[in-house]
Amino acid sequence: MAGSKEIRTKIKSVENTRKITKAMEMVAASKMRKAQDRMRASRPYAEKIRNVAAHLSHAQAEYKHPFLIKRDVAKNVGLIVVSSDKGLCGGLNTNMLRLSVNQMKTWETEGKGIQVSAIGNKGLGFMNRIGANVRSNIIGLGDVPHLEKLIGTVKVMLDAYTAGEIDQLFICHTKFINTMKQEPAMVQLLPLSGETLGSSSGHWDYIYEPEAKPVIDSLMMRYIESLVYNAVAENMASEQSSRMVAMKSASDNAKEVIGDLKLIYNKARQAAITKEISEIVGGAAAVA
Amino acid sequence: MANTVHIDVVSAEASIFSGEAEFVVAPAAAGEVGIYPHHAPMITTVKAGSLRIKVANEAEEQHIYISGGILEVQPGLVTVLADTAVRGADLDEAKAIQAKEAAEEAMKNRTSDIDYAKAQAEFAEAIAQIQMIQKLRKNIH
């Protein structure tokens, strides 16, 4: 029975791998549901704050927030890259990073400076490896995207924008379309254009308490933060579904490999038995 | 119901309250404000404190604790954009510095210029691998 022990060991090892991928698949499936719920839960806030921002961009005349003013030339660009902390989730991060790098290359050929902010371990590692100028980062967000953790990272970029170090700010993340489909997307955050905010109804202005500036400042900051939060929440939902699909196909593959190996094992076993019988028969014939 | 105003209390992480109210009291930055239906359009920052909502057709007032945020009053609609995090200029600044330092720490051992060629080669490889796996899977079935 040459090699049958090796095959048995191999089957055992593939079976163990399958147990792990199967477990990861189920964990991802349950996390995915929660991540999707969180993604949906963040929508009302985003919608409301968008409406208010839209109204402000049209109504306010005496104070115009810097986020709303389009600059003539964009010399430097900021990019927030939203990735997952952990791997084993198919092509999720690869696709997103490819989109960012292609865009970064275009910017560089246009002679623009690029500053990157990385959310998530994978994006940070990659941006560092290729030598991008990483201004701020946050890793280890866990399964729940707390806004509190994102504030600092986003603020660095917003401050850079206010200080004129960057003239545009983009965010790249993976858009959740459905469980089977996620697509990388690049969205411009700053400057906010009136078109993306949409038109507002009515031509009344607010009473600002205590003053227009601080209120608008804090509102705009929260608006950008909510956009980033949304992107992160969506990215997490994408991550879990992508992982679930990847792990499912890994489990299926393992199952096939096990099937093939078992076939080989049985053939080898049968061949060994046949050989033994023919030897015995041959031996008996020689004696008789 | 003519004499009520619709109020939405939302935070970035969840929708907290939505319904018709007869009267709302909020801890605005300049002092408490009470809002009845048909209030003039107003926008103000809100301090940490308790939001009191007199819900229509209910005797009891609803109390919601918020850690700050923005209060917006439109004709017939009140929106409270509540913060989930405790905010403050100093706190935010500290967080920004932390994020910056983390980036500097991570950047310590890296190559000087952006190596696009290397990056794209890496992607090409990864994508090829994924496509290969997909092709293999299709052939099996």
# chains A, B, ... in the order shown; residues from 1 in each chain; ligands from 1
$ interface_residues --of "chain B" --to "chain A" --cutoff "8 Å" --atoms "only C-alpha atoms" --output "VMD selection string"
chain B and resid 10 to 15 29 to 30 40 to 45 70 72 79 81 84 to 86 92 to 104 106 to 107 110 to 116 118 to 120 123 126 to 127 130 137
$ select_by_dssp --residues "stretch 98-271 of chain A" --states "strand (DSSP E)" --output "VMD selection string"
chain A and resid 113 to 119 134 to 138 168 to 178 181 to 190 207 to 209
$ atom_distance --atom1 "atom CA of A:Ala23" --atom2 "atom CA of A:Leu92"
20.0 Å
$ atom_distance --atom1 "atom CA of A:Ile69" --atom2 "atom CA of A:Val232"
25.9 Å
$ atom_distance --atom1 "atom CA of A:Ala254" --atom2 "atom CA of A:Ser13"
10.1 Å
